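Q: To be precise about what I am sending: the file is called upload-v5.txt and holds compact mmCIF, C-alpha atoms.
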```txt
# COMPACT_ATOMS: atom_id res chain seq x y z
CA MET A 10 20.29 -30.00 0.21
CA VAL A 11 20.95 -26.57 1.67
CA THR A 12 22.95 -26.38 4.90
CA LEU A 13 21.70 -23.58 7.11
CA ILE A 14 24.02 -22.51 9.92
CA ASP A 15 21.87 -22.36 13.03
CA TYR A 16 23.39 -20.05 15.57
CA GLY A 17 20.15 -19.54 17.45
CA ALA A 18 19.27 -16.24 15.79
CA GLY A 19 15.66 -15.24 15.47
CA ASN A 20 15.39 -15.60 11.71
CA VAL A 21 16.86 -19.08 11.26
CA THR A 22 13.45 -20.74 11.30
CA SER A 23 12.04 -18.11 8.94
CA VAL A 24 14.84 -18.72 6.44
CA ALA A 25 14.39 -22.49 6.72
CA ARG A 26 10.65 -22.13 6.21
CA ALA A 27 11.11 -19.86 3.17
CA LEU A 28 13.58 -22.30 1.55
CA ARG A 29 11.34 -25.32 2.26
CA ARG A 30 8.39 -23.50 0.69
CA LEU A 31 10.48 -23.41 -2.48
CA GLY A 32 10.92 -27.18 -2.32
CA ALA A 33 14.45 -27.20 -0.89
CA GLU A 34 15.63 -29.79 1.58
CA VAL A 35 17.16 -27.89 4.50
CA ARG A 36 19.63 -29.08 7.13
CA LEU A 37 19.99 -26.87 10.20
CA THR A 38 23.34 -27.32 11.87
CA SER A 39 26.02 -25.87 14.10
CA ASN A 40 28.35 -28.79 13.50
CA PRO A 41 31.74 -28.17 11.75
CA GLU A 42 31.59 -31.50 9.82
CA ASP A 43 28.20 -30.59 8.37
CA VAL A 44 29.61 -27.28 7.19
CA SER A 45 32.59 -29.03 5.58
CA SER A 46 30.39 -31.53 3.75
CA ALA A 47 27.75 -28.98 2.67
CA SER A 48 26.83 -28.67 -0.99
CA SER A 49 25.56 -25.13 -0.37
CA LEU A 50 25.59 -22.90 2.69
CA VAL A 51 23.32 -20.21 4.07
CA LEU A 52 24.33 -18.04 7.02
CA PRO A 53 21.35 -16.07 8.30
CA GLY A 54 21.65 -13.54 11.05
CA VAL A 55 19.96 -10.81 13.01
CA GLY A 56 20.99 -9.05 16.18
CA HIS A 57 24.48 -8.19 17.33
CA CYS A 58 27.46 -9.12 15.18
CA ALA A 59 29.52 -10.13 18.23
CA ALA A 60 26.95 -12.87 18.92
CA LEU A 61 27.30 -14.32 15.42
CA LEU A 62 31.11 -14.15 15.21
CA GLY A 63 31.40 -15.39 18.79
CA PHE A 64 29.19 -18.35 17.95
CA LEU A 65 31.31 -19.25 14.91
CA ASP A 66 34.39 -19.25 17.16
CA THR A 67 32.96 -21.16 20.12
CA HIS A 68 31.59 -23.83 17.76
CA SER A 69 34.81 -24.01 15.71
CA LEU A 70 32.92 -23.08 12.56
CA ARG A 71 35.14 -20.28 11.27
CA ARG A 72 37.80 -22.47 9.60
CA PRO A 73 35.41 -25.04 8.04
CA LEU A 74 33.26 -22.19 6.74
CA LEU A 75 36.22 -20.37 5.16
CA ASP A 76 37.55 -23.63 3.68
CA ALA A 77 34.15 -24.54 2.22
CA ILE A 78 33.79 -21.12 0.60
CA ALA A 79 37.38 -21.31 -0.70
CA ARG A 80 36.52 -24.67 -2.35
CA GLY A 81 33.68 -22.91 -4.18
CA THR A 82 30.74 -24.11 -2.10
CA PRO A 83 27.88 -21.70 -2.96
CA PHE A 84 27.29 -19.40 0.00
CA LEU A 85 24.50 -16.95 0.83
CA GLY A 86 24.91 -14.57 3.74
CA ILE A 87 21.80 -12.77 4.96
CA CYS A 88 21.96 -9.46 6.86
CA LEU A 89 24.45 -10.11 9.69
CA GLY A 90 25.54 -13.30 7.91
CA PHE A 91 26.52 -11.07 4.99
CA GLN A 92 28.26 -8.47 7.16
CA ALA A 93 30.33 -11.26 8.74
CA LEU A 94 32.18 -11.68 5.41
CA TYR A 95 33.99 -8.35 5.81
CA GLN A 96 37.21 -7.71 7.69
CA ARG A 97 35.60 -6.00 10.63
CA SER A 98 32.44 -4.28 11.87
CA ASP A 99 32.13 -1.06 13.84
CA GLU A 100 29.55 -2.91 15.92
CA ALA A 101 32.20 -5.21 17.43
CA PRO A 102 35.62 -3.88 16.33
CA GLU A 103 37.44 -6.20 18.73
CA ILE A 104 36.34 -9.36 16.87
CA PRO A 105 37.75 -9.93 13.37
CA GLY A 106 35.21 -10.76 10.67
CA LEU A 107 35.68 -13.62 8.23
CA GLY A 108 37.77 -11.27 6.08
CA LEU A 109 36.71 -12.67 2.69
CA LEU A 110 35.77 -9.21 1.51
CA PRO A 111 37.87 -6.08 1.91
CA GLY A 112 36.58 -3.21 4.00
CA GLN A 113 34.66 -2.59 7.14
CA VAL A 114 30.98 -2.55 8.11
CA HIS A 115 29.96 0.91 9.33
CA LEU A 116 27.09 2.44 11.28
CA LEU A 117 24.63 4.13 8.92
CA SER A 118 24.34 7.91 9.16
CA ARG A 119 23.01 9.38 12.38
CA ASN A 120 20.97 11.86 10.33
CA VAL A 121 18.29 9.25 9.68
CA LYS A 122 16.21 7.04 11.92
CA LEU A 123 17.97 3.85 12.96
CA PRO A 124 17.51 0.94 12.71
CA HIS A 125 16.90 1.20 8.96
CA MET A 126 13.65 -0.68 9.40
CA GLY A 127 11.15 -1.53 6.71
CA TRP A 128 10.81 -1.83 2.96
CA ASN A 129 13.22 -0.13 0.60
CA GLN A 130 14.20 -0.35 -3.06
CA ILE A 131 17.60 -1.18 -4.50
CA ARG A 132 19.51 0.10 -7.51
CA LEU A 133 21.41 -2.32 -9.73
CA ALA A 134 25.13 -1.65 -10.02
CA ARG A 135 25.59 -4.51 -12.46
CA SER A 136 23.64 -7.53 -13.57
CA CYS A 137 23.49 -10.35 -11.03
CA PRO A 138 21.87 -13.78 -11.47
CA LEU A 139 20.55 -13.61 -7.90
CA LEU A 140 18.18 -10.85 -9.07
CA ASP A 141 16.92 -12.63 -12.21
CA GLY A 142 13.20 -12.15 -12.72
CA ILE A 143 12.89 -9.49 -10.02
CA SER A 144 11.37 -6.16 -11.07
CA PRO A 145 13.68 -3.18 -10.47
CA GLU A 146 10.75 -1.53 -8.67
CA SER A 147 10.63 -4.27 -6.04
CA TYR A 148 10.91 -3.54 -2.35
CA PHE A 149 12.90 -5.61 0.15
CA TYR A 150 12.64 -5.75 3.93
CA PHE A 151 15.60 -4.29 5.84
CA ALA A 152 16.21 -4.28 9.62
CA HIS A 153 19.73 -3.12 10.48
CA SER A 154 21.81 -0.19 11.75
CA TYR A 155 25.20 -1.20 10.33
CA ALA A 156 25.96 -1.80 6.65
CA PRO A 157 28.79 -2.80 4.31
CA PRO A 158 30.46 -0.19 2.06
CA ALA A 159 28.92 0.57 -1.35
CA ASP A 160 32.14 0.89 -3.33
CA GLY A 161 33.27 -2.72 -3.76
CA VAL A 162 33.69 -4.20 -7.24
CA GLU A 163 31.54 -7.11 -6.07
CA THR A 164 28.60 -4.80 -5.32
CA ALA A 165 25.65 -5.90 -7.46
CA ALA A 166 23.00 -3.56 -5.98
CA ILE A 167 22.99 -0.50 -3.78
CA CYS A 168 20.50 0.82 -1.27
CA LYS A 169 20.48 4.20 0.44
CA HIS A 170 19.45 5.15 3.96
CA GLY A 171 21.48 8.09 5.17
CA HIS A 172 24.33 6.94 2.96
CA GLU A 173 24.67 4.33 0.24
CA PHE A 174 25.59 0.76 1.09
CA THR A 175 25.83 -2.61 -0.63
CA ALA A 176 22.46 -4.34 -0.60
CA VAL A 177 23.40 -7.28 -2.86
CA LEU A 178 26.85 -8.71 -3.44
CA GLU A 179 28.14 -11.35 -5.81
CA CYS A 180 31.74 -12.55 -5.76
CA GLN A 181 32.20 -15.81 -7.66
CA ARG A 182 30.11 -18.29 -5.63
CA ILE A 183 29.69 -15.93 -2.66
CA PHE A 184 26.39 -14.06 -2.39
CA GLY A 185 25.36 -11.58 0.25
CA VAL A 186 22.17 -9.62 0.85
CA GLN A 187 21.72 -6.92 3.48
CA PHE A 188 17.92 -7.26 3.47
CA HIS A 189 15.87 -10.27 4.56
CA PRO A 190 14.71 -12.22 1.49
CA GLU A 191 12.79 -14.58 3.82
CA LYS A 192 10.63 -11.60 4.85
CA SER A 193 10.49 -9.80 1.51
CA GLY A 194 7.34 -11.26 0.01
CA ALA A 195 7.36 -12.53 -3.58
CA ALA A 196 10.57 -10.68 -4.55
CA GLY A 197 12.43 -12.30 -1.66
CA ALA A 198 11.13 -15.73 -2.60
CA THR A 199 12.35 -15.24 -6.18
CA LEU A 200 15.80 -14.30 -4.90
CA LEU A 201 16.00 -17.42 -2.73
CA ALA A 202 14.81 -19.56 -5.65
CA ASN A 203 17.60 -18.00 -7.77
CA PHE A 204 20.16 -18.95 -5.12
CA LEU A 205 18.86 -22.52 -5.03
CA ARG A 206 19.14 -22.69 -8.81
CA LEU A 207 22.68 -21.22 -8.82
CA ALA A 208 23.73 -23.57 -6.02
CA ALA A 209 22.33 -26.67 -7.71
CA MET B 24 14.67 4.99 -3.71
CA SER B 25 13.31 5.73 -0.26
CA LEU B 26 12.09 3.83 2.74
CA ALA B 27 8.37 3.08 2.37
CA HIS B 28 5.87 4.08 5.01
CA ARG B 29 4.49 0.88 6.43
CA ILE B 30 0.92 -0.30 6.95
CA LEU B 31 0.53 -2.83 9.77
CA PRO B 32 -2.66 -4.76 10.40
CA CYS B 33 -2.91 -5.82 14.02
CA LEU B 34 -4.55 -8.98 15.32
CA ASP B 35 -5.64 -8.50 18.92
CA THR B 36 -6.31 -12.03 20.13
CA ASP B 37 -7.61 -13.70 23.25
CA GLY B 38 -4.98 -16.37 22.54
CA THR B 39 -6.86 -18.19 19.80
CA ARG B 40 -9.39 -15.82 18.21
CA VAL B 41 -9.12 -12.25 16.98
CA VAL B 42 -11.20 -9.95 19.19
CA LYS B 43 -11.95 -6.26 19.17
CA GLY B 44 -13.27 -3.60 21.51
CA VAL B 45 -13.43 0.13 22.11
CA HIS B 46 -11.07 1.72 24.64
CA PHE B 47 -9.66 -1.73 25.37
CA GLU B 48 -13.12 -2.91 26.56
CA GLY B 49 -16.29 -4.66 25.33
CA LEU B 50 -14.53 -7.40 23.33
CA ARG B 51 -16.18 -9.32 20.54
CA ASP B 52 -15.04 -11.95 18.05
CA ALA B 53 -13.50 -10.69 14.80
CA GLY B 54 -12.19 -13.80 13.12
CA ASP B 55 -9.54 -16.46 12.78
CA PRO B 56 -5.95 -15.16 13.11
CA VAL B 57 -4.51 -17.63 10.61
CA GLU B 58 -7.04 -16.76 7.90
CA LEU B 59 -6.59 -13.04 8.49
CA ALA B 60 -2.79 -13.39 8.42
CA ALA B 61 -2.91 -15.14 5.05
CA ARG B 62 -5.23 -12.47 3.66
CA TYR B 63 -3.06 -9.56 4.83
CA ASN B 64 0.11 -11.22 3.57
CA ALA B 65 -1.48 -11.47 0.11
CA GLU B 66 -3.01 -7.98 0.17
CA GLY B 67 0.28 -6.17 0.68
CA ALA B 68 0.53 -5.62 4.43
CA ASP B 69 4.09 -4.60 5.27
CA GLU B 70 4.22 -6.43 8.59
CA LEU B 71 1.78 -8.16 10.88
CA VAL B 72 1.33 -7.60 14.60
CA VAL B 73 -0.26 -10.27 16.80
CA LEU B 74 -1.09 -9.43 20.39
CA ASP B 75 -2.41 -11.56 23.21
CA ILE B 76 -4.60 -9.01 24.92
CA ALA B 77 -5.87 -11.45 27.52
CA ALA B 78 -2.28 -12.38 28.41
CA ALA B 79 -3.43 -14.90 30.99
CA ARG B 80 -0.62 -17.18 32.12
CA ASP B 81 -2.53 -20.44 31.62
CA ASN B 82 -3.39 -19.36 28.09
CA ARG B 83 0.23 -18.99 26.98
CA PRO B 84 0.72 -22.30 25.12
CA THR B 85 -2.37 -21.54 23.02
CA PHE B 86 -1.05 -18.12 22.06
CA LEU B 87 2.33 -19.60 21.08
CA GLU B 88 0.52 -22.14 18.93
CA THR B 89 -1.36 -19.28 17.26
CA ILE B 90 1.95 -17.48 16.53
CA ARG B 91 3.34 -20.67 14.98
CA HIS B 92 0.33 -21.06 12.68
CA VAL B 93 0.32 -17.36 11.77
CA ALA B 94 4.08 -17.39 11.01
CA GLU B 95 3.53 -20.31 8.60
CA GLN B 96 1.34 -18.02 6.49
CA LEU B 97 3.71 -15.09 6.24
CA SER B 98 6.45 -13.88 3.93
CA ILE B 99 6.53 -10.55 5.79
CA PRO B 100 7.78 -9.75 9.29
CA LEU B 101 5.78 -10.74 12.35
CA THR B 102 5.70 -8.87 15.65
CA ALA B 103 4.19 -10.57 18.68
CA GLY B 104 3.46 -9.40 22.18
CA GLY B 105 1.03 -9.00 24.99
CA GLY B 106 2.00 -10.35 28.39
CA ILE B 107 5.74 -10.59 27.73
CA ARG B 108 7.19 -10.28 31.21
CA SER B 109 10.62 -11.88 30.93
CA LEU B 110 13.44 -12.83 28.60
CA GLU B 111 12.12 -16.39 28.63
CA ASP B 112 8.63 -15.22 27.55
CA ALA B 113 10.28 -13.39 24.65
CA ARG B 114 12.37 -16.43 23.69
CA CYS B 115 9.17 -18.46 23.44
CA VAL B 116 7.49 -16.08 20.98
CA VAL B 117 10.69 -15.72 18.91
CA ARG B 118 11.07 -19.51 18.76
CA ALA B 119 7.43 -19.73 17.72
CA GLY B 120 8.24 -17.55 14.71
CA ALA B 121 8.05 -13.87 15.71
CA ASP B 122 10.70 -11.54 14.29
CA LYS B 123 10.10 -8.85 16.89
CA VAL B 124 8.59 -8.71 20.35
CA THR B 125 6.64 -5.90 21.95
CA VAL B 126 6.86 -5.08 25.62
CA ASN B 127 4.66 -2.67 27.50
CA THR B 128 3.66 -3.02 31.17
CA ALA B 129 6.62 -5.21 32.14
CA ALA B 130 9.05 -2.69 30.63
CA VAL B 131 7.58 0.13 32.71
CA GLU B 132 7.88 -2.02 35.82
CA ARG B 133 11.36 -3.31 34.98
CA PRO B 134 13.02 -1.07 32.37
CA GLU B 135 16.12 -3.29 32.31
CA LEU B 136 14.01 -5.89 30.49
CA ILE B 137 14.35 -3.73 27.35
CA THR B 138 18.15 -3.99 27.54
CA GLN B 139 18.05 -7.74 28.19
CA LEU B 140 15.85 -8.25 25.11
CA SER B 141 17.99 -5.98 22.98
CA ASN B 142 21.20 -7.75 24.01
CA GLU B 143 19.73 -11.14 23.17
CA PHE B 144 17.76 -10.44 19.97
CA GLY B 145 19.19 -7.14 18.75
CA THR B 146 17.71 -3.65 18.84
CA GLN B 147 15.73 -4.26 15.65
CA ALA B 148 13.69 -6.97 17.40
CA VAL B 149 12.57 -4.91 20.40
CA VAL B 150 9.41 -2.86 20.03
CA LEU B 151 8.48 -0.71 22.99
CA ALA B 152 4.68 -0.39 23.08
CA ILE B 153 3.54 2.82 24.77
CA ASP B 154 -0.11 3.53 25.57
CA ALA B 155 -0.42 7.27 26.07
CA LYS B 156 -3.34 9.32 27.39
CA ARG B 157 -3.69 13.07 27.16
CA GLU B 158 -3.53 14.93 30.47
CA ASP B 159 -3.59 18.71 30.78
CA GLN B 160 -0.06 19.52 29.72
CA PHE B 161 1.40 16.16 28.68
CA TRP B 162 0.72 12.59 27.59
CA GLN B 163 0.75 10.10 30.42
CA VAL B 164 1.97 6.53 29.96
CA ARG B 165 -0.75 4.00 30.80
CA VAL B 166 -0.23 0.31 31.51
CA ARG B 167 -2.37 -2.80 32.03
CA GLY B 168 -4.22 -2.35 28.76
CA GLY B 169 -4.54 1.43 29.19
CA ARG B 170 -6.31 1.21 32.54
CA ALA B 171 -3.54 2.05 35.03
CA ALA B 172 -1.79 5.41 35.27
CA THR B 173 1.99 5.70 35.69
CA SER B 174 4.25 8.59 36.63
CA TRP B 175 5.88 8.60 33.18
CA ASP B 176 5.51 11.36 30.61
CA ALA B 177 5.25 9.53 27.25
CA LEU B 178 8.02 11.62 25.64
CA ALA B 179 10.44 10.95 28.46
CA TRP B 180 9.57 7.25 28.53
CA ALA B 181 10.02 6.90 24.77
CA ARG B 182 13.47 8.49 24.96
CA ARG B 183 14.42 6.35 27.95
CA GLY B 184 13.21 3.21 26.16
CA VAL B 185 15.36 3.99 23.13
CA ASP B 186 18.40 4.61 25.35
CA LEU B 187 17.79 1.21 26.95
CA GLY B 188 17.73 -0.55 23.57
CA ALA B 189 14.27 -0.34 22.00
CA GLY B 190 14.52 -0.29 18.20
CA GLU B 191 11.00 0.89 17.50
CA ILE B 192 8.09 2.53 19.33
CA LEU B 193 4.52 1.29 18.93
CA LEU B 194 2.57 4.31 20.10
CA THR B 195 -1.13 3.92 20.91
CA SER B 196 -3.34 6.86 21.78
CA VAL B 197 -5.65 5.60 24.52
CA ASP B 198 -7.97 8.55 23.78
CA ARG B 199 -8.35 7.65 20.11
CA ASP B 200 -8.20 3.86 20.27
CA GLY B 201 -11.38 2.35 18.84
CA THR B 202 -12.96 5.74 18.07
CA GLN B 203 -12.16 5.74 14.32
CA SER B 204 -11.79 9.54 14.59
CA GLY B 205 -8.22 9.67 13.28
CA PHE B 206 -4.75 9.21 14.78
CA ASP B 207 -3.55 11.57 17.51
CA LEU B 208 -1.29 13.64 15.24
CA ALA B 209 0.13 15.89 17.94
CA LEU B 210 1.11 12.93 20.13
CA THR B 211 2.60 10.99 17.21
CA ALA B 212 4.61 13.94 15.90
CA ALA B 213 5.88 14.82 19.36
CA ILE B 214 7.17 11.30 19.99
CA SER B 215 8.44 10.70 16.46
CA ARG B 216 10.48 13.92 16.46
CA SER B 217 12.01 13.25 19.87
CA VAL B 218 13.35 9.72 19.27
CA SER B 219 15.93 8.35 16.82
CA VAL B 220 14.01 5.13 16.06
CA PRO B 221 10.95 4.49 13.87
CA VAL B 222 7.52 5.16 15.35
CA ILE B 223 4.38 3.13 14.58
CA ALA B 224 1.20 5.16 15.14
CA SER B 225 -1.84 3.36 16.50
CA GLY B 226 -5.36 4.19 17.65
CA GLY B 227 -8.17 5.94 15.80
CA ALA B 228 -7.67 4.97 12.15
CA LYS B 229 -10.59 4.73 9.77
CA LEU B 230 -10.20 6.80 6.60
CA PRO B 231 -7.33 6.85 4.09
CA GLN B 232 -7.03 10.55 4.96
CA HIS B 233 -6.16 9.55 8.54
CA PHE B 234 -3.16 7.56 7.31
CA LEU B 235 -2.05 10.37 5.01
CA GLU B 236 -2.18 12.82 7.93
CA VAL B 237 -0.25 10.57 10.29
CA PHE B 238 2.53 10.05 7.72
CA THR B 239 2.78 13.80 7.01
CA ALA B 240 1.72 15.98 9.96
CA GLY B 241 2.18 13.08 12.41
CA ALA B 242 5.69 12.19 11.12
CA ALA B 243 4.96 8.49 11.66
CA ASP B 244 7.12 5.83 10.01
CA ALA B 245 4.38 3.21 10.11
CA ALA B 246 0.70 3.06 10.98
CA LEU B 247 -1.26 0.27 12.61
CA ALA B 248 -4.95 -0.52 12.49
CA ALA B 249 -7.14 -3.49 13.30
CA SER B 250 -10.89 -3.53 12.86
CA ILE B 251 -11.07 -1.42 9.68
CA PHE B 252 -8.98 -4.10 7.97
CA HIS B 253 -10.72 -7.08 9.63
CA ASP B 254 -14.17 -5.75 8.69
CA GLN B 255 -12.99 -4.84 5.19
CA VAL B 256 -14.01 -1.22 5.73
CA GLN B 257 -10.62 -0.41 4.22
CA SER B 258 -8.57 -2.52 1.81
CA ILE B 259 -4.79 -2.31 2.23
CA ARG B 260 -4.26 -2.20 -1.53
CA GLU B 261 -6.60 0.76 -2.02
CA LEU B 262 -5.19 2.53 1.00
CA LYS B 263 -1.68 2.25 -0.41
CA SER B 264 -2.79 3.47 -3.86
CA PHE B 265 -4.37 6.49 -2.18
CA LEU B 266 -1.19 7.22 -0.23
CA GLN B 267 1.01 6.86 -3.30
CA SER B 268 -1.17 9.22 -5.33
CA ASN B 269 -0.74 11.72 -2.50
CA GLY B 270 3.03 11.53 -2.62
CA VAL B 271 3.67 9.13 0.27
CA ALA B 272 6.25 6.40 -0.48
CA VAL B 273 4.59 3.01 -0.02
CA ARG B 274 5.37 -0.50 -1.18
CA LEU B 275 2.78 -1.53 -3.73
CA PRO B 276 2.69 -5.31 -4.17
CA CYS B 277 3.90 -6.16 -7.66
```
Can the structure in the file be given as structure tokens, please?

A:
Amino acid sequence: MVTLIDYGAGNVTSVARALRRLGAEVRLTSNPEDVSSASSLVLPGVGHCAALLGFLDTHSLRRPLLDAIARGTPFLGICLGFQALYQRSDEAPEIPGLGLLPGQVHLLSRNVKLPHMGWNQIRLARSCPLLDGISPESYFYFAHSYAPPADGVETAAICKHGHEFTAVLECQRIFGVQFHPEKSGAAGATLLANFLRLAA
Amino acid sequence: MSLAHRILPCLDTDGTRVVKGVHFEGLRDAGDPVELAARYNAEGADELVVLDIAAARDNRPTFLETIRHVAEQLSIPLTAGGGIRSLEDARCVVRAGADKVTVNTAAVERPELITQLSNEFGTQAVVLAIDAKREDQFWQVRVRGGRAATSWDALAWARRGVDLGAGEILLTSVDRDGTQSGFDLALTAAISRSVSVPVIASGGAKLPQHFLEVFTAGAADAALAASIFHDQVQSIRELKSFLQSNGVAVRLPC
């Protein structure tokens, strides 16, 4: 069973629907005990990063989430749920991120249209089991204005809009994607199926 | 690696059925929204837009039910709108499965609604729909389905909307809507070049050439059409192949 952290964001139901389509049993929760007992965790997210981090704090989810990840519980962060793993975001510099990954989430270049909205391709930085069976030509759906740095050793794939950023990350049992696999057609479904397989 | 230009089929509904008309009038039935949604999802549409053009208050639960059924069919983003007058209206369509909401008349009447929506759902979820009609020296913003004039210049309103928190502009030419004579390139380019957010061009599409023009001369980021897709005058797959062979970045379904 996949435990999906429900913080009331718009895409929680979409992610749940996409995982169920793949045959997964999904538990939506905002309860710390459910996070602690999870066999795998998904943190979706759209909107403002202060809303997500604020929700984790008001629902006492930060510590159980960090402990679960530290124990090796497979984790997938989507969009804002991925950005939350970093130390801080320019979008809400006053609230510390989860701090599992070094670096800071920055606003994309002002020389391009923002939000970075629509379908874009990614470039592999190294092989990553999350991308198994996905054609390198595939497009993924992005909808964001802030993005994590591209230079981390955990970066598995890079995308570019204005400047380069990490589109896919793999760090032991931690996975992060800046795009929305639940909205990315067949390629997105394959990625989610890969996570389910890796988390099993 | 570059951002693809998007093709968006639009389902104008009366709440339950897809309808169509010229210049926002003379509506007739054009099919079942759930069937059309499934078809477009499979054919390579980049997003789907579903509008309640009747937007009658007593019809609201039916429209929300339609959004729920449409969302079930999709593995692409869904934008919903028509008659969204408050934060609570927007919450209902998001809960029903929409990724983005469009606001039009209510935003002109109460611009702070844009900021409220953006604060709650994020900029990327707020689409400001602007219906613009050519006047002598400018494009005038129209509301109430294109029928009522406002004092807004479309360029000024688009910029204001973005400042207030809109993450995208859905720009419809009232003059071209339903005419199948091509997008209003001058209008689209003027708006697209004066705002920092993506612009979806709407109104007047028929030929693949029209889409090519709006992505080049019109500087549009996305283009929306309804009846040419519903009536299978134009297939999305063939349209995208045409665009790609003419050097426009598009997402071809693998």

Q: What are the residues of chain B that have an atom within 10 Å of an atom of chain A, counting all atoms listed in the file, as a PyMOL selection string?

A: chain B and resi 24-29+64-65+67-70+94-95+97-101+114+116-123+141-148+189-191+215+218-222+244-245+272-277

Q: Just how far from CA of Leu74 in chain A is CA of Ala134 in chain A, in Å to one decimal?

A: 27.7 Å

Q: Could you tell me which of B:Leu193, B:Phe86, B:Ala77, B:Val149 comes closest to Lys43 in chain B if we count all atoms listed in the file?

A: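 Counting all atoms listed in the file, the residue closest to Lys43 in chain B is B:Ala77.
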
Q: Which residues come within 9 Å of Glu100 in chain A, counting all atoms listed in the file, excluding same-chain residues fewer than 6 positions away, as a list in words?

A: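 So, after excluding close chain neighbours, the residues are His57, Cys58, Ala59, Val114, His115, Leu116 and Tyr155 of chain A.
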
Q: Assuming 8 Å of padding per side, give the centre and edge lengths of the axis-aligned box around every listed atom of range 138-153 of chain B, in Å to one decimal and as lines of an AutoDock Vina configuration file.

A:
```
center_x = 12.4
center_y = -4.2
center_z = 21.9
size_x = 33.7
size_y = 30.0
size_z = 28.5
```

Q: Would you mind listing what lies within 12 Å of Gly63 in chain A as a PyMOL selection string, with only C-alpha atoms counted and same-chain residues fewer than 6 positions away left out?

A: chain A and resi 16+57+69-71+93+101+103-107

Q: Saving range 141-170 of chain A with C-alpha atoms, as a PDB file, in the first residue's frame, what would that file be?

A:
```pdb
ATOM      1  CA  ASP A 141      13.193   2.358 -16.964  1.00  0.00           C
ATOM      2  CA  GLY A 142      11.259   1.737 -20.157  1.00  0.00           C
ATOM      3  CA  ILE A 143      10.722   5.429 -20.882  1.00  0.00           C
ATOM      4  CA  SER A 144      11.887   6.703 -24.270  1.00  0.00           C
ATOM      5  CA  PRO A 145      14.459   9.512 -24.042  1.00  0.00           C
ATOM      6  CA  GLU A 146      12.239  11.467 -26.444  1.00  0.00           C
ATOM      7  CA  SER A 147       9.332  11.476 -23.996  1.00  0.00           C
ATOM      8  CA  TYR A 148       7.687  14.661 -22.816  1.00  0.00           C
ATOM      9  CA  PHE A 149       6.574  15.359 -19.251  1.00  0.00           C
ATOM     10  CA  TYR A 150       4.123  17.939 -17.938  1.00  0.00           C
ATOM     11  CA  PHE A 151       5.633  20.764 -15.878  1.00  0.00           C
ATOM     12  CA  ALA A 152       3.827  23.575 -14.012  1.00  0.00           C
ATOM     13  CA  HIS A 153       6.195  25.533 -11.764  1.00  0.00           C
ATOM     14  CA  SER A 154       8.194  28.748 -11.415  1.00  0.00           C
ATOM     15  CA  TYR A 155      10.795  27.573  -8.892  1.00  0.00           C
ATOM     16  CA  ALA A 156      13.172  24.652  -9.378  1.00  0.00           C
ATOM     17  CA  PRO A 157      15.944  22.732  -7.607  1.00  0.00           C
ATOM     18  CA  PRO A 158      19.593  23.147  -8.704  1.00  0.00           C
ATOM     19  CA  ALA A 159      20.935  20.986 -11.545  1.00  0.00           C
ATOM     20  CA  ASP A 160      24.376  20.282 -10.105  1.00  0.00           C
ATOM     21  CA  GLY A 161      23.679  17.696  -7.392  1.00  0.00           C
ATOM     22  CA  VAL A 162      25.315  14.260  -7.559  1.00  0.00           C
ATOM     23  CA  GLU A 163      21.842  12.788  -7.054  1.00  0.00           C
ATOM     24  CA  THR A 164      20.538  14.432 -10.234  1.00  0.00           C
ATOM     25  CA  ALA A 165      19.328  11.696 -12.584  1.00  0.00           C
ATOM     26  CA  ALA A 166      17.805  13.928 -15.293  1.00  0.00           C
ATOM     27  CA  ILE A 167      17.940  17.584 -16.204  1.00  0.00           C
ATOM     28  CA  CYS A 168      15.438  19.896 -17.841  1.00  0.00           C
ATOM     29  CA  LYS A 169      16.008  23.409 -19.122  1.00  0.00           C
ATOM     30  CA  HIS A 170      13.704  26.418 -19.092  1.00  0.00           C
TER      31      HIS A 170
END
```
